[in-house]
Amino acid sequence: MSTDRIEVWVAPDGSPFADGSHGYPANDLAHGLALVRRRREGGQRAVIWMAGGEYAHPDPVEFGPADSFTSVVAADPRHPPVLRGSVRITGWRPVTVNGRRVWAAAAPRATGRRLYVDGAAAPRPRYPREGFLRVEEQEGLDPSGSFVGTLFDGSAAFRYAEGDIPQLAEETSVEVVVPHYWVQERMPIARIDREARTITSDLTSIFALRDDAAALFARYHLENVAESLGEVPGEWYLDTTGAVSGSDRPQILLAVDDPAGLDIRFPVTDAFAILTGSTDAPVREVRFEHVRFAEADFAEVPAAVLPFGVREDPQLPSDGRYAADVQAASTVPAALCFGHARSCAVIGGSVERVGGYGISFGPGSRGNLVSGVALRDLGAGAVRSGGDIDASSPGFNRANEVSDCTAERGGQVYRGAVAMLFQHGSHNVIAHNEIRDFPYSGVSVGWMWDYLPSTSEGNQIIGNHIHRLGQGRLNDMGGVYLLGIAPGTVVRGNHIHDIECQNYGGWGIYLDEGSSHVVIEGNVVHDTSSQCYHQHYGREVIVRDNVWARGRNGQVSITRPEAHTSFTFLRNIVVGSGTPAFVGAEGTRDARRFGVDSDLNLFWDPSPVPGAVRAANAVRPVRDDGSVGFEIAEALDDEWAALGRDRHSVTAGPLLTDDFRVADDSPAHALGIRVPDVSGAGPRECADRRHPLAAGTRPDPFLPTQG
């Protein structure tokens, strides 16, 4: 059956004067959309068919409410269109910088942090080449003071140690990069006072310049340092004035043997597409199917500014410009932006090599789908959803789904970004994605601290494969991270492993402040640098039928034990490696104070510490190099039993297989444990994707064939 929809064709060799027919296609998405707008009657559907090949895409294409019911579709998904927001850099000439031969070419613009060489991000030169410098002093800050009490004592200036900062040709082109706590500060240098040994930035650090749990001043390095260019092949430098390379205009400098034959690209657009509706007129059913978006970065590097939507907002200067967001790089823009969008979809294709988040759902986004998309090489995270806090507001987000996607190699600029961040919102689904190689958390849901009312309820985090996170750079992270009261939220069937923090908090599943009324079941979590499961504080969480294995600092912990039941822990397989199942610390965090109902679990440790298989207290001494250790201080198996915990649990080998299943004669079966099977975690086959918006647009069989 034919349709009444508008059909427009676009091809890389098309014309801006074309009528959009098969024989006379338009040349890009902007012109294709312009043709649709000229022909469309109110509410009429339209399809923009894009032939395979590369398209120059120097400016964002904006969709408004009148553009609803428009699908942008690859004519042949096997040969997809690639919309490139970059220009290819040519005209290279050899120059000498600091006695080293490098190559120079005119820069399209005088700002930017990203350059791509043959599809890979080229690094910017740093100082020192390896490791970090350390702040000598932040005025008024005691680095051994209260962790919480000094947290927001940020500064725009600090004193550096004698001999640490070399002469810099372009001081104001250099960024001070500070990885600490759960953020990475980027502080552009405004001036250096070499007599007083102080660096001043035009951005203020959001947190005190200390190295969090190590109780030392912060580590830092310098990035975009002209003096270091050429020490390592493949690095690049943006000479914003041209002075370094002897030019009178901005230049790109590249340290390679010969740029001939290399595809060298510099992004010139902030975003690819911006969909903006309103309360009264949302954008509806705009779709992108099997379209690849590549290379975008910011013309003006965005500072972090209020509001962050956190409880400390009223105490922070309203005119402050900060070097990092409070959490999750939550204000960093995205390359595909949806606001007041309903039932829109991104199906297949990719978003890659961008300076911020890949896709964002702003306020009022409901019922949208991201499915089967590859999101990779990202400056921040893959997908962010951030709506209003009030569930009755038109700007509240709900019922959005991200499923069957691959998110990899993110946080390349904003290391504190989350791969998939859902702030305020309900009944969202994050399912069957593979998330890997991010320096912070994999999935984060909720944005309300403490036991205050939260509208983040009924969310589902199911069947994801989340691994290789943290990379030893930041702290306080989780493969899955929840924040706030969350009735109806389920974390099920996820495979989470290889989480590595810097000083503290490399957790598999992490329920932060106030997280309550959550069900965590059927997950396999293993090989974490801290514990596999951690709950800061919360109440009435159900933790059942999971495998927790090989947490380096134990398997389960609570930061703030409370008088009520924090969680019920039933029918879990818990495997240590010289580390206890439940681990606390002397004082308020003593494991004997944990408010847990624990029973019918299977415990095992092939190399046990005597009396500390099920429970122990530990200490975390700070070593001379600032690293934080872990040592069992008090074995508590007997005390744990005396408190009536795990009466019917068993300590025995679970007979785990390499894929974390168990043998037929495992004692897990007698305990009634429903051993989780996470072999299906990660993206599913297309035929198994059941979302109503997942089906692709079909060509009209009655249209003439192309040509």
# chains A, B, ... in the order shown; residues from 1 in each chain; ligands from 1

call {"tool": "residues_around", "arguments": {"residues": "Val326 in chain A", "least_positions_apart": "5", "cutoff": "8 Å", "atoms": "only C-alpha atoms", "output": "mmCIF file with C-alpha atoms, in the first residue's frame"}}
result
data_model
loop_
_atom_site.group_PDB
_atom_site.id
_atom_site.type_symbol
_atom_site.label_atom_id
_atom_site.label_comp_id
_atom_site.auth_asym_id
_atom_site.auth_seq_id
_atom_site.Cartn_x
_atom_site.Cartn_y
_atom_site.Cartn_z
ATOM 1 C CA VAL A 183 35.516 14.825 38.868
ATOM 2 C CA ILE A 206 34.305 23.076 42.169
ATOM 3 C CA PHE A 308 23.660 21.876 39.093
ATOM 4 C CA VAL A 310 22.195 19.691 43.909
#

call {"tool": "closest_residue", "arguments": {"among": "A:Arg647, A:His79, A:Arg473, A:His57", "to": "His31 in chain A", "atoms": "only C-alpha atoms"}}
result
A:His57

call {"tool": "closest_residue", "arguments": {"among": "A:Ala56, A:Arg101, A:Trp92, A:Gly234", "to": "Phe293 in chain A", "atoms": "only C-alpha atoms"}}
result
A:Ala56

call {"tool": "select_by_dssp", "arguments": {"residues": "range 19-240 of chain A", "states": "alpha helix (DSSP H)", "output": "CSV table (one decimal) with C-alpha atoms, in the first residue's frame"}}
result
chain,number,residue,atom,x,y,z
A,29,LEU,CA,20.3,17.0,5.4
A,30,ALA,CA,19.7,20.8,5.7
A,31,HIS,CA,18.5,21.1,2.1
A,32,GLY,CA,16.5,17.9,2.4
A,33,LEU,CA,14.6,19.2,5.4
A,34,ALA,CA,14.0,22.5,3.6
A,35,LEU,CA,12.3,20.7,0.8
A,36,VAL,CA,10.1,18.8,3.2
A,37,ARG,CA,9.1,22.1,4.9
A,38,ARG,CA,8.1,23.6,1.6
A,39,ARG,CA,5.8,20.7,0.7

call {"tool": "closest_atom_pairs", "arguments": {"of": "range 231-336 of chain A", "to": "range 399-423 of chain A", "cutoff": "9 Å", "atoms": "only C-alpha atoms", "output": "tab-separated table"}}
result
residue	atom	partner	partner_atom	distance
A:Ala324	CA	A:Tyr414	CA	8.3
A:Asp325	CA	A:Gly416	CA	8.5
A:Gln327	CA	A:Gly416	CA	7.0
A:Ala328	CA	A:Ala417	CA	4.3
A:Ala329	CA	A:Ala417	CA	4.7
A:Ser330	CA	A:Ala417	CA	7.2
A:Val332	CA	A:Tyr414	CA	8.5

call {"tool": "select_by_dssp", "arguments": {"residues": "range 147-351 of chain A", "states": "strand (DSSP E)", "output": "PyMOL selection string"}}
result
chain A and resi 157-159+175-180+183-193+198-201+219-223+236-239+251-254+264-267+273-276+283-284+287-289+292-296+334-339+341-342+345-347+350-351

call {"tool": "closest_atom_pairs", "arguments": {"of": "range 363-443 of chain A", "to": "range 510-513 of chain A", "cutoff": "12 Å", "atoms": "only C-alpha atoms", "output": "tab-separated table"}}
result
residue	atom	partner	partner_atom	distance
A:Ser441	CA	A:Tyr510	CA	9.6
A:Gly442	CA	A:Tyr510	CA	10.9
A:Val443	CA	A:Tyr510	CA	10.2

call {"tool": "write_last_selection", "arguments": {"atoms": "N, CA, C and O atoms", "output": "PDB file, in the first residue's frame"}}
result
ATOM      1  N   SER A 441      31.610   6.196  36.113  1.00  0.00           N
ATOM      2  CA  SER A 441      30.524   5.229  36.244  1.00  0.00           C
ATOM      3  C   SER A 441      29.913   4.846  34.900  1.00  0.00           C
ATOM      4  O   SER A 441      29.952   5.606  33.928  1.00  0.00           O
ATOM      5  N   GLY A 442      29.301   3.648  34.890  1.00  0.00           N
ATOM      6  CA  GLY A 442      28.681   3.144  33.674  1.00  0.00           C
ATOM      7  C   GLY A 442      27.254   3.623  33.490  1.00  0.00           C
ATOM      8  O   GLY A 442      26.900   4.215  32.469  1.00  0.00           O
ATOM      9  N   VAL A 443      26.392   3.365  34.483  1.00  0.00           N
ATOM     10  CA  VAL A 443      24.986   3.787  34.456  1.00  0.00           C
ATOM     11  C   VAL A 443      24.705   4.508  35.765  1.00  0.00           C
ATOM     12  O   VAL A 443      25.024   4.004  36.840  1.00  0.00           O
TER      13      VAL A 443
END

call {"tool": "closest_residue", "arguments": {"among": "A:Glu457, A:Asp624, A:Asp67, A:Asp59", "to": "Asp270 in chain A", "atoms": "only C-alpha atoms"}}
result
A:Asp59

call {"tool": "residues_around", "arguments": {"residues": "Val547 in chain A", "least_positions_apart": "5", "cutoff": "9 Å", "atoms": "only C-alpha atoms", "output": "PyMOL selection string"}}
result
chain A and resi 522-526+572-575+660+675-676

call {"tool": "write_last_selection", "arguments": {"atoms": "C-alpha atoms", "output": "compact mmCIF listing (two decimals), in the first residue's frame"}}
result
# COMPACT_ATOMS: atom_id res chain seq x y z
CA GLY A 522 20.35 -11.83 39.16
CA ASN A 523 23.54 -9.82 38.58
CA VAL A 524 27.10 -11.09 38.31
CA VAL A 525 29.64 -8.60 39.68
CA HIS A 526 33.32 -9.39 40.00
CA ASN A 572 23.68 -14.67 47.04
CA ILE A 573 26.92 -16.37 46.07
CA VAL A 574 29.77 -14.43 47.69
CA VAL A 575 33.37 -15.29 46.79
CA PHE A 660 30.03 -17.77 36.61
CA VAL A 675 22.00 -18.75 39.94
CA PRO A 676 22.09 -15.82 37.51

call {"tool": "residues_around", "arguments": {"residues": "Ser649 in chain A", "least_positions_apart": "3", "cutoff": "12 Å", "atoms": "only C-alpha atoms", "output": "list in words"}}
result
Phe569, Leu570, Arg571, Asn572, Ile573, Val574, Asp597, Ser598, Asp599, Leu600, Asn601, Leu602, Phe603, Trp604, Arg614, Trp640, Ala641, Gly644, Arg645, Asp646, Ala652, Pro667, Ala668, Ala670, Leu671, Gly672 and Ile673 of chain A

call {"tool": "residues_around", "arguments": {"residues": "range 146-152 of chain A", "least_positions_apart": "2", "cutoff": "9 Å", "atoms": "only C-alpha atoms", "output": "tab-separated table (two decimals) with N, CA, C and O atoms, in the first residue's frame"}}
result
chain	number	residue	atom	x	y	z
A	141	LEU	N	43.48	26.12	53.03
A	141	LEU	CA	43.01	24.73	53.01
A	141	LEU	C	43.98	23.83	53.76
A	141	LEU	O	45.19	23.83	53.49
A	142	ASP	N	43.44	23.03	54.67
A	142	ASP	CA	44.20	21.98	55.33
A	142	ASP	C	43.83	20.67	54.65
A	142	ASP	O	42.70	20.17	54.81
A	143	PRO	N	44.74	20.05	53.90
A	143	PRO	CA	44.37	18.84	53.15
A	143	PRO	C	44.03	17.66	54.04
A	143	PRO	O	43.44	16.68	53.56
A	144	SER	N	44.42	17.73	55.30
A	144	SER	CA	44.07	16.64	56.22
A	144	SER	C	42.80	16.95	57.00
A	144	SER	O	42.42	16.20	57.89
A	154	GLY	N	36.54	25.30	46.95
A	154	GLY	CA	37.29	25.39	45.71
A	154	GLY	C	38.06	26.69	45.61
A	154	GLY	O	37.89	27.62	46.40
A	205	SER	N	37.86	25.91	40.80
A	205	SER	CA	37.63	24.47	41.00
A	205	SER	C	36.36	24.28	41.82
A	205	SER	O	36.11	25.01	42.77
A	206	ILE	N	35.55	23.31	41.42
A	206	ILE	CA	34.31	23.08	42.17
A	206	ILE	C	34.61	22.49	43.54
A	206	ILE	O	33.89	22.74	44.51
A	207	PHE	N	35.69	21.72	43.66
A	207	PHE	CA	36.06	21.11	44.92
A	207	PHE	C	37.42	21.63	45.37
A	207	PHE	O	38.21	22.15	44.57
A	208	ALA	N	37.69	21.48	46.66
A	208	ALA	CA	38.99	21.86	47.22
A	208	ALA	C	40.11	21.14	46.48
A	208	ALA	O	39.97	19.98	46.08
A	209	LEU	N	41.23	21.83	46.33
A	209	LEU	CA	42.36	21.27	45.60
A	209	LEU	C	43.15	20.32	46.51
A	209	LEU	O	44.31	20.56	46.84
A	210	ARG	N	42.47	19.25	46.90
A	210	ARG	CA	43.11	18.21	47.69
A	210	ARG	C	42.87	16.87	47.00
A	210	ARG	O	41.98	16.74	46.16
A	212	ASP	N	41.51	14.13	47.73
A	212	ASP	CA	40.41	13.42	48.38
A	212	ASP	C	40.87	12.57	49.56
A	212	ASP	O	41.42	13.08	50.52
A	213	ALA	N	40.71	11.25	49.49
A	213	ALA	CA	40.94	10.40	50.64
A	213	ALA	C	42.40	10.30	51.04
A	213	ALA	O	42.71	9.87	52.15
A	215	ALA	N	44.32	12.74	51.71
A	215	ALA	CA	44.61	13.83	52.65
A	215	ALA	C	45.89	14.58	52.26
A	215	ALA	O	46.68	14.99	53.11
A	312	GLU	N	23.65	21.76	47.37
A	312	GLU	CA	24.58	22.84	47.70
A	312	GLU	C	24.40	24.08	46.82
A	312	GLU	O	25.06	25.10	47.06
A	316	LEU	N	26.45	28.12	46.80
A	316	LEU	CA	27.49	28.43	45.83
A	316	LEU	C	27.21	29.78	45.18
A	316	LEU	O	26.04	30.13	44.95

call {"tool": "residues_around", "arguments": {"residues": "Asp239 in chain A", "least_positions_apart": "3", "cutoff": "12 Å", "atoms": "only C-alpha atoms", "output": "compact mmCIF listing (two decimals) with N, CA and C atoms, in the first residue's frame"}}
result
# COMPACT_ATOMS: atom_id res chain seq x y z
N VAL A 97 59.63 23.93 16.03
CA VAL A 97 59.13 24.43 17.31
C VAL A 97 59.97 23.78 18.41
N TRP A 103 54.70 19.76 11.83
CA TRP A 103 53.97 20.25 10.66
C TRP A 103 52.91 21.26 11.10
N ALA A 104 52.70 22.28 10.27
CA ALA A 104 51.73 23.33 10.58
C ALA A 104 50.76 23.51 9.42
N ALA A 105 49.51 23.82 9.79
CA ALA A 105 48.49 24.15 8.79
C ALA A 105 47.50 25.12 9.43
N ALA A 106 46.83 25.90 8.60
CA ALA A 106 45.87 26.88 9.11
C ALA A 106 44.73 26.18 9.84
N ALA A 107 44.35 26.73 11.00
CA ALA A 107 43.25 26.17 11.79
C ALA A 107 41.93 26.81 11.38
N PRO A 108 40.86 26.02 11.27
CA PRO A 108 39.56 26.61 10.90
C PRO A 108 39.03 27.57 11.95
N ARG A 109 39.38 27.35 13.22
CA ARG A 109 38.97 28.28 14.26
C ARG A 109 39.99 28.22 15.39
N ALA A 110 39.95 29.20 16.27
CA ALA A 110 41.01 29.37 17.26
C ALA A 110 40.71 28.68 18.58
N THR A 111 39.67 27.86 18.65
CA THR A 111 39.37 27.11 19.86
C THR A 111 39.11 25.65 19.48
N GLY A 112 39.28 24.79 20.45
CA GLY A 112 39.01 23.37 20.24
C GLY A 112 40.01 22.50 20.97
N ARG A 113 39.53 21.36 21.42
CA ARG A 113 40.38 20.41 22.14
C ARG A 113 40.60 19.12 21.37
N ARG A 124 46.88 15.88 23.10
CA ARG A 124 47.56 17.16 23.23
C ARG A 124 48.79 16.98 24.12
N ALA A 169 55.31 29.25 26.39
CA ALA A 169 55.22 30.23 25.30
C ALA A 169 53.86 30.90 25.28
N GLU A 170 52.82 30.12 25.52
CA GLU A 170 51.45 30.66 25.52
C GLU A 170 50.75 30.19 26.79
N GLU A 171 50.97 30.90 27.88
CA GLU A 171 50.41 30.49 29.17
C GLU A 171 48.91 30.33 29.11
N THR A 172 48.21 31.25 28.44
CA THR A 172 46.75 31.25 28.47
C THR A 172 46.15 30.19 27.55
N SER A 173 46.98 29.44 26.84
CA SER A 173 46.48 28.31 26.05
C SER A 173 46.58 27.00 26.81
N VAL A 174 47.15 27.04 28.01
CA VAL A 174 47.41 25.84 28.79
C VAL A 174 46.29 25.62 29.80
N ASN A 224 48.12 20.87 26.74
CA ASN A 224 48.27 21.81 25.62
C ASN A 224 49.49 22.70 25.84
N VAL A 225 50.62 22.04 26.09
CA VAL A 225 51.88 22.72 26.38
C VAL A 225 52.75 22.68 25.13
N ALA A 226 52.99 23.84 24.53
CA ALA A 226 53.76 23.90 23.29
C ALA A 226 55.17 23.35 23.47
N GLU A 227 55.75 23.58 24.63
CA GLU A 227 57.13 23.15 24.87
C GLU A 227 57.28 21.63 24.84
N LEU A 229 55.52 19.66 22.73
CA LEU A 229 55.14 19.14 21.43
C LEU A 229 56.36 18.54 20.73
N TRP A 236 49.33 16.85 19.00
CA TRP A 236 49.03 18.08 18.26
C TRP A 236 48.88 19.23 19.24
N GLY A 242 49.13 31.88 16.41
CA GLY A 242 50.09 31.68 15.34
C GLY A 242 51.52 32.02 15.74
N ALA A 243 51.69 32.60 16.94
CA ALA A 243 53.02 33.08 17.35
C ALA A 243 54.03 31.95 17.51
N VAL A 244 53.59 30.80 18.00
CA VAL A 244 54.51 29.69 18.23
C VAL A 244 55.10 29.20 16.92
N SER A 245 54.30 29.21 15.87
CA SER A 245 54.75 28.69 14.58
C SER A 245 55.16 29.78 13.60
N GLY A 246 55.19 31.04 14.07
CA GLY A 246 55.63 32.13 13.22
C GLY A 246 54.61 32.55 12.19
N SER A 247 53.33 32.43 12.54
CA SER A 247 52.26 32.83 11.63
C SER A 247 51.47 33.98 12.23
N ASP A 248 50.61 34.56 11.43
CA ASP A 248 49.78 35.65 11.92
C ASP A 248 48.32 35.23 12.10
N ARG A 249 48.08 33.92 12.09
CA ARG A 249 46.72 33.42 12.28
C ARG A 249 46.80 32.07 12.99
N PRO A 250 45.69 31.60 13.56
CA PRO A 250 45.72 30.33 14.30
C PRO A 250 46.20 29.17 13.43
N GLN A 251 47.01 28.30 14.05
CA GLN A 251 47.60 27.17 13.35
C GLN A 251 47.39 25.88 14.13
N ILE A 252 47.30 24.79 13.39
CA ILE A 252 47.35 23.45 13.98
C ILE A 252 48.75 22.92 13.76
N LEU A 253 49.39 22.49 14.86
CA LEU A 253 50.72 21.89 14.79
C LEU A 253 50.60 20.41 15.10
N LEU A 254 51.25 19.58 14.29
CA LEU A 254 51.10 18.14 14.42
C LEU A 254 52.47 17.48 14.34

call {"tool": "closest_residue", "arguments": {"among": "A:Gly14, A:Pro610, A:Gly145, A:Gly85", "to": "Leu216 in chain A", "atoms": "only C-alpha atoms"}}
result
A:Gly145

call {"tool": "atom_distance", "arguments": {"atom1": "CA of Asp164 in chain A", "atom2": "CA of Leu133 in chain A"}}
result
7.1 Å
